[in-house]
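Colleague: Structure file work.txt (compact mmCIF, C-alpha atoms) is given on the next line.
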```
# COMPACT_ATOMS: atom_id res chain seq x y z
CA MET A 630 0.00 0.00 0.00
CA VAL A 631 1.16 3.53 -0.72
CA ASP A 632 0.63 4.54 2.93
CA SER A 633 3.41 2.26 4.07
CA VAL A 634 6.12 3.98 2.03
CA VAL A 635 5.36 7.63 2.73
CA ASN A 636 7.59 8.79 5.56
CA PRO A 637 6.32 11.00 8.35
CA ALA A 638 7.41 14.61 8.65
CA GLY A 639 11.12 15.17 9.14
CA GLU A 640 12.26 11.94 7.49
CA ARG A 641 12.31 13.18 3.89
CA SER A 642 15.59 13.05 2.07
CA GLY A 643 16.72 16.60 1.32
CA ALA A 644 13.47 18.16 2.43
CA SER A 645 15.20 20.75 4.55
CA GLY A 646 17.30 23.48 3.04
CA SER A 647 14.52 25.39 1.34
CA GLY A 648 13.62 27.18 4.56
CA GLY A 649 11.32 30.11 4.05
CA ARG A 650 12.28 30.80 0.46
CA ARG A 651 9.91 32.87 -1.60
CA GLY A 652 9.40 29.90 -3.95
CA ARG A 653 8.42 27.50 -1.15
CA ALA A 654 5.60 25.14 -2.15
CA SER A 655 2.33 25.53 -0.28
CA THR A 656 -1.11 24.01 0.00
CA SER A 657 -2.53 27.11 -1.73
CA GLN A 658 -0.53 26.07 -4.79
CA PHE A 659 -2.38 22.73 -4.73
CA GLY A 660 -5.71 24.51 -4.39
CA ALA A 661 -4.99 26.49 -7.54
CA LEU A 662 -4.62 23.16 -9.35
CA GLY A 663 -7.67 21.58 -7.74
CA LEU A 664 -5.47 19.02 -6.01
CA ASN A 665 -6.75 17.54 -2.76
CA LEU A 666 -4.03 16.09 -0.54
CA ALA A 667 -6.17 14.76 2.27
CA ASP A 668 -3.44 12.73 3.97
CA PRO A 669 -0.96 14.84 6.00
CA ARG A 670 1.89 12.41 5.36
CA VAL A 671 1.47 12.60 1.60
CA GLU A 672 1.16 16.39 1.81
CA VAL A 673 4.38 16.67 3.82
CA SER A 674 6.21 14.39 1.39
CA VAL A 675 5.03 16.22 -1.73
CA LEU A 676 5.67 19.68 -0.24
CA GLY A 677 9.15 18.63 0.83
CA LEU A 678 9.98 17.32 -2.62
CA LEU A 679 8.72 20.47 -4.31
CA ASP A 680 10.67 22.69 -1.90
CA THR A 681 13.85 20.81 -2.74
CA VAL A 682 13.11 21.00 -6.46
CA GLU A 683 12.93 24.81 -6.18
CA VAL A 684 16.39 24.93 -4.63
CA GLU A 685 17.85 22.53 -7.19
CA LEU A 686 16.25 24.35 -10.12
CA ARG A 687 18.08 27.55 -9.23
CA ALA A 688 21.34 25.71 -8.72
CA SER A 689 21.02 23.74 -11.94
CA VAL A 690 20.75 26.78 -14.22
CA ALA A 691 23.77 28.57 -12.75
CA SER A 692 26.56 29.26 -15.22
CA ALA A 693 30.12 30.56 -15.07
CA ASP A 694 28.76 33.48 -17.10
CA PRO A 695 26.66 35.76 -14.85
CA PHE A 696 24.56 36.93 -17.80
CA VAL A 697 23.62 33.36 -18.71
CA THR A 698 22.71 32.69 -15.07
CA GLU A 699 20.51 35.78 -14.95
CA ALA A 700 18.72 34.96 -18.19
CA ALA A 701 18.31 31.26 -17.33
CA ARG A 702 16.88 32.06 -13.89
CA HIS A 703 14.46 34.58 -15.36
CA LEU A 704 11.54 32.17 -15.72
CA VAL A 705 12.57 29.96 -12.79
CA GLU A 706 12.14 32.93 -10.47
CA ALA A 707 8.92 34.04 -12.17
CA GLY A 708 7.29 31.01 -10.54
CA GLY A 709 4.50 28.93 -12.09
CA LYS A 710 2.34 25.99 -11.11
CA ARG A 711 5.24 23.49 -11.15
CA PHE A 712 2.68 21.00 -12.44
CA ARG A 713 5.31 18.68 -13.91
CA PRO A 714 7.40 18.38 -10.72
CA LEU A 715 4.13 17.88 -8.86
CA LEU A 716 3.32 14.89 -11.08
CA VAL A 717 6.81 13.51 -10.42
CA ALA A 718 6.27 13.90 -6.68
CA LEU A 719 2.85 12.26 -6.78
CA GLY A 720 4.07 9.41 -8.98
CA ALA A 721 6.88 8.73 -6.54
CA GLN A 722 4.35 8.12 -3.76
CA PHE A 723 3.61 4.74 -5.35
CA GLY A 724 7.16 3.69 -4.57
CA ASP A 725 9.68 5.37 -2.29
CA PRO A 726 9.41 9.17 -2.55
CA THR A 727 12.65 9.57 -0.57
CA SER A 728 14.68 8.00 -3.37
CA ALA A 729 17.65 10.23 -4.23
CA GLN A 730 16.71 10.20 -7.93
CA VAL A 731 13.20 11.66 -7.57
CA VAL A 732 14.21 15.31 -7.16
CA PRO A 733 16.68 15.28 -10.11
CA ALA A 734 13.98 13.65 -12.24
CA ALA A 735 11.59 16.47 -11.36
CA VAL A 736 14.26 19.05 -12.17
CA VAL A 737 14.82 17.46 -15.59
CA MET A 738 11.12 17.74 -16.36
CA GLU A 739 10.77 21.35 -15.24
CA LEU A 740 13.93 22.46 -17.06
CA THR A 741 12.64 20.86 -20.24
CA HIS A 742 9.32 22.65 -19.80
CA LEU A 743 10.99 26.01 -19.09
CA ALA A 744 13.18 25.62 -22.17
CA THR A 745 10.09 25.25 -24.35
CA LEU A 746 8.64 28.45 -22.85
CA TYR A 747 11.66 30.48 -23.94
CA HIS A 748 11.23 29.16 -27.47
CA ASP A 749 7.43 29.55 -27.44
CA ASP A 750 7.70 33.21 -26.50
CA VAL A 751 9.93 33.85 -29.50
CA MET A 752 7.55 32.07 -31.85
CA ASP A 753 4.51 33.82 -30.37
CA GLU A 754 6.27 37.20 -30.10
CA ALA A 755 5.06 37.29 -26.50
CA ALA A 756 5.81 40.35 -24.37
CA VAL A 757 4.88 38.86 -20.99
CA ARG A 758 5.32 35.47 -19.39
CA ARG A 759 4.05 34.66 -15.87
CA GLY A 760 3.45 38.32 -15.15
CA ALA A 761 7.01 39.35 -15.99
CA PRO A 762 8.59 40.61 -19.23
CA SER A 763 9.38 37.64 -21.48
CA ALA A 764 13.06 36.87 -22.08
CA ASN A 765 12.79 37.85 -25.73
CA SER A 766 11.31 41.25 -24.87
CA ARG A 767 13.76 41.87 -22.02
CA TRP A 768 16.78 40.85 -24.08
CA THR A 769 16.40 39.63 -27.68
CA ASN A 770 14.93 36.71 -29.62
CA SER A 771 18.42 35.30 -30.14
CA VAL A 772 19.17 35.36 -26.42
CA ALA A 773 15.84 33.71 -25.59
CA ILE A 774 16.46 30.91 -28.10
CA LEU A 775 19.98 30.30 -26.86
CA VAL A 776 18.91 30.29 -23.20
CA GLY A 777 16.21 27.77 -24.07
CA ASP A 778 18.89 25.62 -25.70
CA TYR A 779 21.04 25.98 -22.59
CA LEU A 780 18.19 24.73 -20.39
CA PHE A 781 17.65 21.73 -22.67
CA ALA A 782 21.35 20.97 -22.34
CA ARG A 783 21.22 21.24 -18.55
CA ALA A 784 18.21 18.92 -18.46
CA ALA A 785 20.07 16.36 -20.58
CA ASP A 786 23.14 16.63 -18.35
CA ILE A 787 21.11 15.90 -15.22
CA ALA A 788 19.22 13.11 -16.98
CA ALA A 789 22.57 11.46 -17.79
CA ASP A 790 23.18 11.02 -14.06
CA LEU A 791 19.87 9.16 -13.85
CA GLY A 792 20.95 6.60 -16.44
CA PRO A 793 20.52 5.75 -20.14
CA GLU A 794 16.77 5.14 -19.86
CA ALA A 795 16.21 8.61 -18.45
CA VAL A 796 18.22 10.15 -21.30
CA ARG A 797 16.28 8.11 -23.85
CA LEU A 798 12.89 9.06 -22.40
CA GLN A 799 13.80 12.74 -22.13
CA ALA A 800 15.06 12.77 -25.72
CA ARG A 801 11.95 11.03 -27.03
CA THR A 802 9.74 13.44 -25.10
CA PHE A 803 11.68 16.36 -26.56
CA ALA A 804 11.17 14.89 -30.04
CA ARG A 805 7.42 14.74 -29.44
CA LEU A 806 7.42 18.34 -28.26
CA VAL A 807 9.17 19.42 -31.45
CA HIS A 808 6.84 17.36 -33.64
CA GLY A 809 3.86 18.95 -31.90
CA GLN A 810 5.22 22.45 -32.44
CA ILE A 811 5.90 21.74 -36.11
CA ALA A 812 2.41 20.31 -36.57
CA GLU A 813 0.91 23.41 -34.96
CA THR A 814 3.06 25.73 -37.06
CA VAL A 815 2.32 23.98 -40.35
CA GLY A 816 -1.35 23.44 -39.55
CA PRO A 817 -3.62 20.62 -40.71
CA ARG A 818 -3.03 19.31 -44.20
CA ALA A 819 -5.78 19.19 -46.79
CA ASP A 820 -6.89 15.68 -45.82
CA ASP A 821 -6.57 16.21 -42.04
CA ASP A 822 -9.57 16.67 -39.78
CA PRO A 823 -8.89 19.98 -37.95
CA VAL A 824 -10.15 18.71 -34.59
CA THR A 825 -8.12 15.49 -34.78
CA HIS A 826 -5.08 17.53 -35.78
CA TYR A 827 -5.58 19.91 -32.87
CA LEU A 828 -5.94 17.11 -30.31
CA HIS A 829 -2.77 15.53 -31.72
CA VAL A 830 -0.87 18.81 -31.30
CA ILE A 831 -1.96 19.08 -27.66
CA ALA A 832 -0.99 15.48 -26.94
CA GLU A 833 2.47 16.08 -28.42
CA LYS A 834 3.11 19.55 -26.99
CA THR A 835 1.47 19.24 -23.57
CA GLY A 836 0.50 15.65 -22.83
CA SER A 837 3.90 14.15 -23.65
CA LEU A 838 5.89 16.04 -21.02
CA ILE A 839 3.27 15.54 -18.31
CA ALA A 840 3.19 11.83 -19.17
CA THR A 841 6.96 11.56 -18.79
CA SER A 842 6.79 13.51 -15.52
CA ALA A 843 4.35 11.02 -14.01
CA ARG A 844 6.41 8.15 -15.47
CA PHE A 845 9.63 9.52 -13.97
CA GLY A 846 7.98 9.80 -10.56
CA GLY A 847 6.95 6.19 -10.53
CA MET A 848 10.10 4.95 -12.22
CA PHE A 849 12.62 6.70 -9.99
CA GLY A 850 10.51 6.09 -6.92
CA GLY A 851 10.78 2.37 -7.69
CA ALA A 852 7.09 1.71 -8.33
CA ALA A 853 5.99 -1.53 -9.96
CA PRO A 854 6.24 -1.49 -13.79
CA GLU A 855 2.46 -1.76 -14.23
CA HIS A 856 2.02 1.24 -11.94
CA VAL A 857 4.59 3.26 -13.89
CA GLU A 858 2.69 2.59 -17.11
CA ALA A 859 -0.61 3.56 -15.50
CA LEU A 860 0.93 6.82 -14.27
CA ALA A 861 2.28 7.64 -17.73
CA GLY A 862 -1.09 7.02 -19.39
CA TYR A 863 -2.81 9.13 -16.76
CA GLY A 864 -0.27 11.94 -17.20
CA GLU A 865 -0.76 12.21 -20.93
CA THR A 866 -4.54 12.22 -20.71
CA ILE A 867 -4.78 14.65 -17.79
CA GLY A 868 -2.35 16.94 -19.61
CA VAL A 869 -4.59 17.07 -22.66
CA ALA A 870 -7.64 17.61 -20.47
CA PHE A 871 -5.98 20.52 -18.66
CA GLN A 872 -5.06 22.25 -21.91
CA LEU A 873 -8.54 21.77 -23.34
CA SER A 874 -10.10 23.16 -20.16
CA ASP A 875 -7.90 26.24 -20.54
CA ASP A 876 -9.31 26.63 -24.05
CA LEU A 877 -12.82 26.69 -22.61
CA LEU A 878 -11.92 29.13 -19.86
CA ASP A 879 -10.61 31.53 -22.47
CA ILE A 880 -14.14 31.60 -23.86
CA ALA A 881 -16.38 31.00 -20.87
CA SER A 882 -14.65 32.78 -18.01
CA GLU A 883 -15.74 36.27 -17.03
CA SER A 884 -12.48 36.76 -15.13
CA VAL A 885 -8.81 35.97 -15.61
CA GLN A 886 -9.28 32.43 -14.24
CA SER A 887 -7.34 31.03 -17.21
CA GLY A 888 -4.42 33.40 -16.62
CA LYS A 889 -5.34 35.44 -19.68
CA THR A 890 -7.89 38.07 -20.55
CA PRO A 891 -11.01 36.17 -21.71
CA GLY A 892 -11.16 35.87 -25.48
CA THR A 893 -7.41 36.28 -25.99
CA ASP A 894 -7.16 33.24 -28.26
CA LEU A 895 -10.15 34.48 -30.24
CA ARG A 896 -8.59 37.92 -30.68
CA GLU A 897 -5.32 36.37 -31.85
CA GLY A 898 -6.99 33.95 -34.24
CA VAL A 899 -5.87 30.83 -32.35
CA PRO A 900 -8.26 28.02 -33.38
CA THR A 901 -8.98 26.33 -30.05
CA LEU A 902 -11.46 23.48 -29.59
CA PRO A 903 -14.69 25.54 -29.20
CA VAL A 904 -13.82 27.51 -32.34
CA LEU A 905 -13.03 24.36 -34.31
CA TYR A 906 -16.31 22.76 -33.26
CA ALA A 907 -18.21 25.94 -34.17
CA ARG A 908 -16.56 26.10 -37.59
CA GLU A 909 -17.42 22.51 -38.49
CA ALA A 910 -20.99 22.66 -37.18
CA ASP A 911 -23.85 22.58 -39.66
CA ASP A 912 -26.45 24.18 -37.37
CA SER A 913 -28.72 26.41 -39.44
CA ASP A 914 -30.00 28.72 -36.70
CA ALA A 915 -29.17 32.39 -37.10
CA SER A 916 -26.70 32.51 -34.20
CA SER A 917 -24.63 29.57 -35.46
CA VAL A 918 -24.56 30.92 -39.01
CA ARG A 919 -23.51 34.35 -37.78
CA LEU A 920 -20.80 32.85 -35.56
CA ARG A 921 -19.32 30.92 -38.49
CA GLU A 922 -19.32 34.10 -40.59
CA ILE A 923 -17.37 36.00 -37.94
CA LEU A 924 -14.90 33.19 -37.27
CA ALA A 925 -14.16 32.92 -40.99
CA THR A 926 -12.68 36.43 -40.95
CA GLY A 927 -9.59 35.36 -38.94
CA PRO A 928 -8.15 37.15 -35.90
CA LEU A 929 -10.86 39.30 -34.29
CA THR A 930 -9.01 42.53 -33.61
CA ASP A 931 -12.16 44.60 -33.99
CA ASP A 932 -13.62 45.06 -30.48
CA ALA A 933 -17.23 44.89 -31.60
CA LEU A 934 -16.78 41.69 -33.64
CA HIS A 935 -14.71 40.17 -30.87
CA ALA A 936 -17.41 40.85 -28.28
CA GLU A 937 -20.12 39.51 -30.58
CA ALA A 938 -18.24 36.30 -31.33
CA LEU A 939 -17.41 35.77 -27.67
CA GLY A 940 -21.06 36.15 -26.72
CA LEU A 941 -22.20 33.79 -29.46
CA LEU A 942 -19.61 31.18 -28.54
CA ARG A 943 -20.65 31.25 -24.88
CA GLU A 944 -24.19 30.30 -25.88
CA SER A 945 -23.25 27.91 -28.69
CA PRO A 946 -23.62 24.13 -28.97
CA ALA A 947 -19.86 24.14 -29.72
CA LEU A 948 -19.06 25.19 -26.16
CA LYS A 949 -21.32 22.49 -24.74
CA ARG A 950 -19.67 19.91 -26.99
CA SER A 951 -16.24 21.13 -25.87
CA ARG A 952 -17.23 20.71 -22.23
CA GLU A 953 -18.28 17.14 -22.97
CA THR A 954 -14.92 16.50 -24.63
CA VAL A 955 -13.02 17.81 -21.60
CA ARG A 956 -15.12 15.68 -19.28
CA SER A 957 -14.48 12.58 -21.42
CA TYR A 958 -10.71 13.12 -21.17
CA ALA A 959 -10.95 13.65 -17.40
CA GLU A 960 -12.91 10.42 -17.03
CA GLU A 961 -10.43 8.57 -19.27
CA ALA A 962 -7.60 9.79 -17.06
CA ARG A 963 -9.45 8.51 -13.99
CA ALA A 964 -9.93 5.11 -15.63
CA GLN A 965 -6.19 4.87 -16.32
CA LEU A 966 -5.56 4.99 -12.57
CA ALA A 967 -7.33 1.64 -12.08
CA PRO A 968 -4.11 -0.45 -11.75
CA LEU A 969 -2.85 1.78 -8.92
CA PRO A 970 -3.49 0.84 -5.27
CA HIS A 971 -6.25 2.72 -3.49
CA GLY A 972 -5.03 5.31 -1.02
CA PRO A 973 -4.46 9.03 -0.56
CA SER A 974 -2.03 9.37 -3.47
CA ARG A 975 -4.44 7.84 -5.95
CA SER A 976 -7.23 9.95 -4.47
CA ALA A 977 -5.10 13.06 -5.03
CA LEU A 978 -4.68 12.17 -8.70
CA GLU A 979 -8.41 11.51 -8.97
CA SER A 980 -9.10 14.94 -7.47
CA LEU A 981 -7.38 16.51 -10.49
CA CYS A 982 -9.87 14.69 -12.72
CA ASP A 983 -12.78 16.09 -10.70
CA TYR A 984 -11.34 19.60 -10.81
CA ILE A 985 -10.84 19.59 -14.57
CA ALA A 986 -14.28 18.14 -15.21
CA ASP A 987 -15.90 20.78 -13.00
CA ARG A 988 -13.84 23.92 -13.64
CA THR A 989 -15.46 24.60 -17.02
CA SER A 990 -19.00 23.45 -16.19
```
Before we go any further, please render this structure as structure tokens.
Modeller:
Amino acid sequence: MVDSVVNPAGERSGASGSGGRRGRASTSQFGALGLNLADPRVEVSVLGLLDTVEVELRASVASADPFVTEAARHLVEAGGKRFRPLLVALGAQFGDPTSAQVVPAAVVMELTHLATLYHDDVMDEAAVRRGAPSANSRWTNSVAILVGDYLFARAADIAADLGPEAVRLQARTFARLVHGQIAETVGPRADDDPVTHYLHVIAEKTGSLIATSARFGGMFGGAAPEHVEALAGYGETIGVAFQLSDDLLDIASESVQSGKTPGTDLREGVPTLPVLYAREADDSDASSVRLREILATGPLTDDALHAEALGLLRESPALKRSRETVRSYAEEARAQLAPLPHGPSRSALESLCDYIADRTS
């Protein structure tokens, strides 16, 4: 049982040393992700791991060149959900979370994620990331690209200490990330279904890294092979569900719950799931016809058209269908947990499914 391998407070390897740092993990961080850690021992273990990851992240990006250190720490210090290290920490609960390899595995995953953010901001010409100026706007596109490359290199270096299988998995995950970005950049081909193409892009760009994070947690925590596979399947599916739910929040939220101003994707012409469903619908009512007409014009930079489309989407069958899709992914993720032993760690993973299914209802 998972309960038997989670140590009580004070017996975590490397859990001290983070002290009262500004980046210290907290239960409020879990609440923001909809994660319910009902068992105090699991909570202490996960918090301790995440605290240590914060310390190691800062140490791992340090360079002999002070400028490289500053630029590489830019996004580390901007914070974030640390969703990938969290999945590593939760996956490790199904083995021995005090294993010396768990924290480095989490660092590898977060460094890989951060590296993609530097590159994404260049491609998207983003000015802000996590509430701070993006690296490309603070310095230059070239610097942002090179710092992203540096973080990939640091991740690979740390993975090498974890063994050949870790290097192989990290490299294959990186390849999927690149394939997903290329597919998104090129767009669906003439014979591709746009929705299928979009779901494939999300699985490659988002699901793959979250899957490997959950896999690394189980693997380096020493979980049984069948449990490692279950964690990886769960990670990929919950990652897709999270991204799709963000798509819906961009349309349905009246606040900045998604971390963006509502309708940002619509204004920028990003074809997220509700938009794709609305475009392919054959509903003949006046609202649906009008919505398709507006969406066909591309990015909605005109405030009046943007507001009209946002209102129509919020009342459209496409949004309802999108909610059903998100819920189906959340339920699939829950089903993939079946091989795992019952206990607080599995319940915590199930709570993410509930949160995602409910946050866009």
Colleague: Report the distance between CA of Phe803 (chain A) and CA of Ala789 (chain A) in Å, rounded to one decimal place.
Modeller: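 According to the coordinates, CA of Phe803 (chain A) and CA of Ala789 (chain A) are separated by 14.8 Å.
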Colleague: What gap, in Å, lies between CA of His935 (chain A) and CA of Thr825 (chain A)?
Modeller: 25.8 Å
Colleague: Please identify all polymer residues within 10 Å of Asp786 (chain A), counting only C-alpha atoms, omitting same-chain residues fewer than 6 positions from it, and present them as a PyMOL selection string.
Modeller: chain A and resi 689+737+780+796
Colleague: What does the file look like for those residues with C-alpha atoms, as a PDB file, in the coordinates of the input?
Modeller:
```
ATOM      1  CA  SER A 689      21.020  23.740 -11.940  1.00  0.00           C
ATOM      2  CA  VAL A 737      14.820  17.460 -15.590  1.00  0.00           C
ATOM      3  CA  LEU A 780      18.190  24.730 -20.390  1.00  0.00           C
ATOM      4  CA  VAL A 796      18.220  10.150 -21.300  1.00  0.00           C
TER       5      VAL A 796
END
```
Colleague: Could you pull the residues within 8 Å of Tyr958 (chain A), counting all atoms listed in the file, minus those fewer than 5 positions along the same chain, as a VMD selection string?
Modeller: chain A and resid 866 to 867 869 to 870
Colleague: Counting all atoms listed in the file, figure out which residue out of A:Val918, A:Ala700, A:Leu978, A:Met738 gets nearest to Arg713 (chain A).
Modeller: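 Distance minimum relative to Arg713 (chain A) lands on A:Met738.
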Colleague: Restricted to N, CA, C and O atoms, what does region 888-910 of chain A look like when written out as an mmCIF file, in the first residue's frame?
Modeller:
```cif
data_model
loop_
_atom_site.group_PDB
_atom_site.id
_atom_site.type_symbol
_atom_site.label_atom_id
_atom_site.label_comp_id
_atom_site.auth_asym_id
_atom_site.auth_seq_id
_atom_site.Cartn_x
_atom_site.Cartn_y
_atom_site.Cartn_z
ATOM 1 N N GLY A 888 -5.722 32.757 -16.566
ATOM 2 C CA GLY A 888 -4.420 33.400 -16.617
ATOM 3 C C GLY A 888 -4.292 34.371 -17.768
ATOM 4 O O GLY A 888 -3.245 34.977 -17.972
ATOM 5 N N LYS A 889 -5.333 34.523 -18.539
ATOM 6 C CA LYS A 889 -5.339 35.437 -19.676
ATOM 7 C C LYS A 889 -6.642 36.226 -19.652
ATOM 8 O O LYS A 889 -7.619 35.824 -19.043
ATOM 9 N N THR A 890 -6.653 37.344 -20.359
ATOM 10 C CA THR A 890 -7.893 38.069 -20.547
ATOM 11 C C THR A 890 -8.837 37.204 -21.374
ATOM 12 O O THR A 890 -8.425 36.664 -22.406
ATOM 13 N N PRO A 891 -10.088 37.011 -20.949
ATOM 14 C CA PRO A 891 -11.011 36.169 -21.710
ATOM 15 C C PRO A 891 -11.100 36.595 -23.172
ATOM 16 O O PRO A 891 -11.160 37.786 -23.491
ATOM 17 N N GLY A 892 -11.079 35.599 -24.051
ATOM 18 C CA GLY A 892 -11.165 35.865 -25.479
ATOM 19 C C GLY A 892 -9.841 36.182 -26.137
ATOM 20 O O GLY A 892 -9.810 36.568 -27.307
ATOM 21 N N THR A 893 -8.731 35.987 -25.416
ATOM 22 C CA THR A 893 -7.410 36.285 -25.991
ATOM 23 C C THR A 893 -7.138 35.430 -27.219
ATOM 24 O O THR A 893 -6.680 35.919 -28.256
ATOM 25 N N ASP A 894 -7.397 34.126 -27.112
ATOM 26 C CA ASP A 894 -7.156 33.236 -28.257
ATOM 27 C C ASP A 894 -8.011 33.651 -29.450
ATOM 28 O O ASP A 894 -7.558 33.618 -30.602
ATOM 29 N N LEU A 895 -9.235 34.047 -29.176
ATOM 30 C CA LEU A 895 -10.152 34.483 -30.235
ATOM 31 C C LEU A 895 -9.610 35.737 -30.921
ATOM 32 O O LEU A 895 -9.603 35.841 -32.152
ATOM 33 N N ARG A 896 -9.127 36.672 -30.129
ATOM 34 C CA ARG A 896 -8.588 37.920 -30.679
ATOM 35 C C ARG A 896 -7.351 37.655 -31.540
ATOM 36 O O ARG A 896 -7.114 38.334 -32.537
ATOM 37 N N GLU A 897 -6.552 36.670 -31.128
ATOM 38 C CA GLU A 897 -5.317 36.373 -31.851
ATOM 39 C C GLU A 897 -5.507 35.377 -32.992
ATOM 40 O O GLU A 897 -4.548 35.046 -33.688
ATOM 41 N N GLY A 898 -6.729 34.891 -33.161
ATOM 42 C CA GLY A 898 -6.989 33.953 -34.243
ATOM 43 C C GLY A 898 -6.499 32.549 -33.986
ATOM 44 O O GLY A 898 -6.277 31.774 -34.928
ATOM 45 N N VAL A 899 -6.309 32.186 -32.703
ATOM 46 C CA VAL A 899 -5.870 30.831 -32.355
ATOM 47 C C VAL A 899 -7.084 29.906 -32.378
ATOM 48 O O VAL A 899 -8.043 30.106 -31.627
ATOM 49 N N PRO A 900 -7.079 28.886 -33.235
ATOM 50 C CA PRO A 900 -8.263 28.024 -33.381
ATOM 51 C C PRO A 900 -8.330 26.947 -32.301
ATOM 52 O O PRO A 900 -7.903 25.820 -32.496
ATOM 53 N N THR A 901 -8.859 27.297 -31.127
ATOM 54 C CA THR A 901 -8.981 26.329 -30.049
ATOM 55 C C THR A 901 -10.225 25.461 -30.264
ATOM 56 O O THR A 901 -10.995 25.671 -31.204
ATOM 57 N N LEU A 902 -10.424 24.495 -29.375
ATOM 58 C CA LEU A 902 -11.462 23.485 -29.594
ATOM 59 C C LEU A 902 -12.863 24.067 -29.790
ATOM 60 O O LEU A 902 -13.560 23.655 -30.731
ATOM 61 N N PRO A 903 -13.342 25.008 -28.959
ATOM 62 C CA PRO A 903 -14.687 25.542 -29.197
ATOM 63 C C PRO A 903 -14.825 26.186 -30.576
ATOM 64 O O PRO A 903 -15.878 26.059 -31.223
ATOM 65 N N VAL A 904 -13.786 26.877 -31.015
ATOM 66 C CA VAL A 904 -13.819 27.513 -32.338
ATOM 67 C C VAL A 904 -13.854 26.457 -33.445
ATOM 68 O O VAL A 904 -14.613 26.574 -34.418
ATOM 69 N N LEU A 905 -13.059 25.429 -33.300
ATOM 70 C CA LEU A 905 -13.033 24.365 -34.313
ATOM 71 C C LEU A 905 -14.389 23.664 -34.398
ATOM 72 O O LEU A 905 -14.877 23.362 -35.497
ATOM 73 N N TYR A 906 -14.986 23.384 -33.251
ATOM 74 C CA TYR A 906 -16.313 22.762 -33.260
ATOM 75 C C TYR A 906 -17.349 23.695 -33.893
ATOM 76 O O TYR A 906 -18.232 23.247 -34.642
ATOM 77 N N ALA A 907 -17.251 24.985 -33.594
ATOM 78 C CA ALA A 907 -18.210 25.938 -34.167
ATOM 79 C C ALA A 907 -18.048 26.032 -35.682
ATOM 80 O O ALA A 907 -19.036 26.113 -36.420
ATOM 81 N N ARG A 908 -16.818 25.996 -36.154
ATOM 82 C CA ARG A 908 -16.560 26.097 -37.593
ATOM 83 C C ARG A 908 -17.113 24.909 -38.360
ATOM 84 O O ARG A 908 -17.619 25.047 -39.474
ATOM 85 N N GLU A 909 -16.997 23.704 -37.762
ATOM 86 C CA GLU A 909 -17.417 22.507 -38.488
ATOM 87 C C GLU A 909 -18.898 22.192 -38.306
ATOM 88 O O GLU A 909 -19.426 21.292 -38.972
ATOM 89 N N ALA A 910 -19.573 22.920 -37.427
ATOM 90 C CA ALA A 910 -20.988 22.657 -37.175
ATOM 91 C C ALA A 910 -21.827 23.004 -38.399
ATOM 92 O O ALA A 910 -21.477 23.881 -39.192
#
```
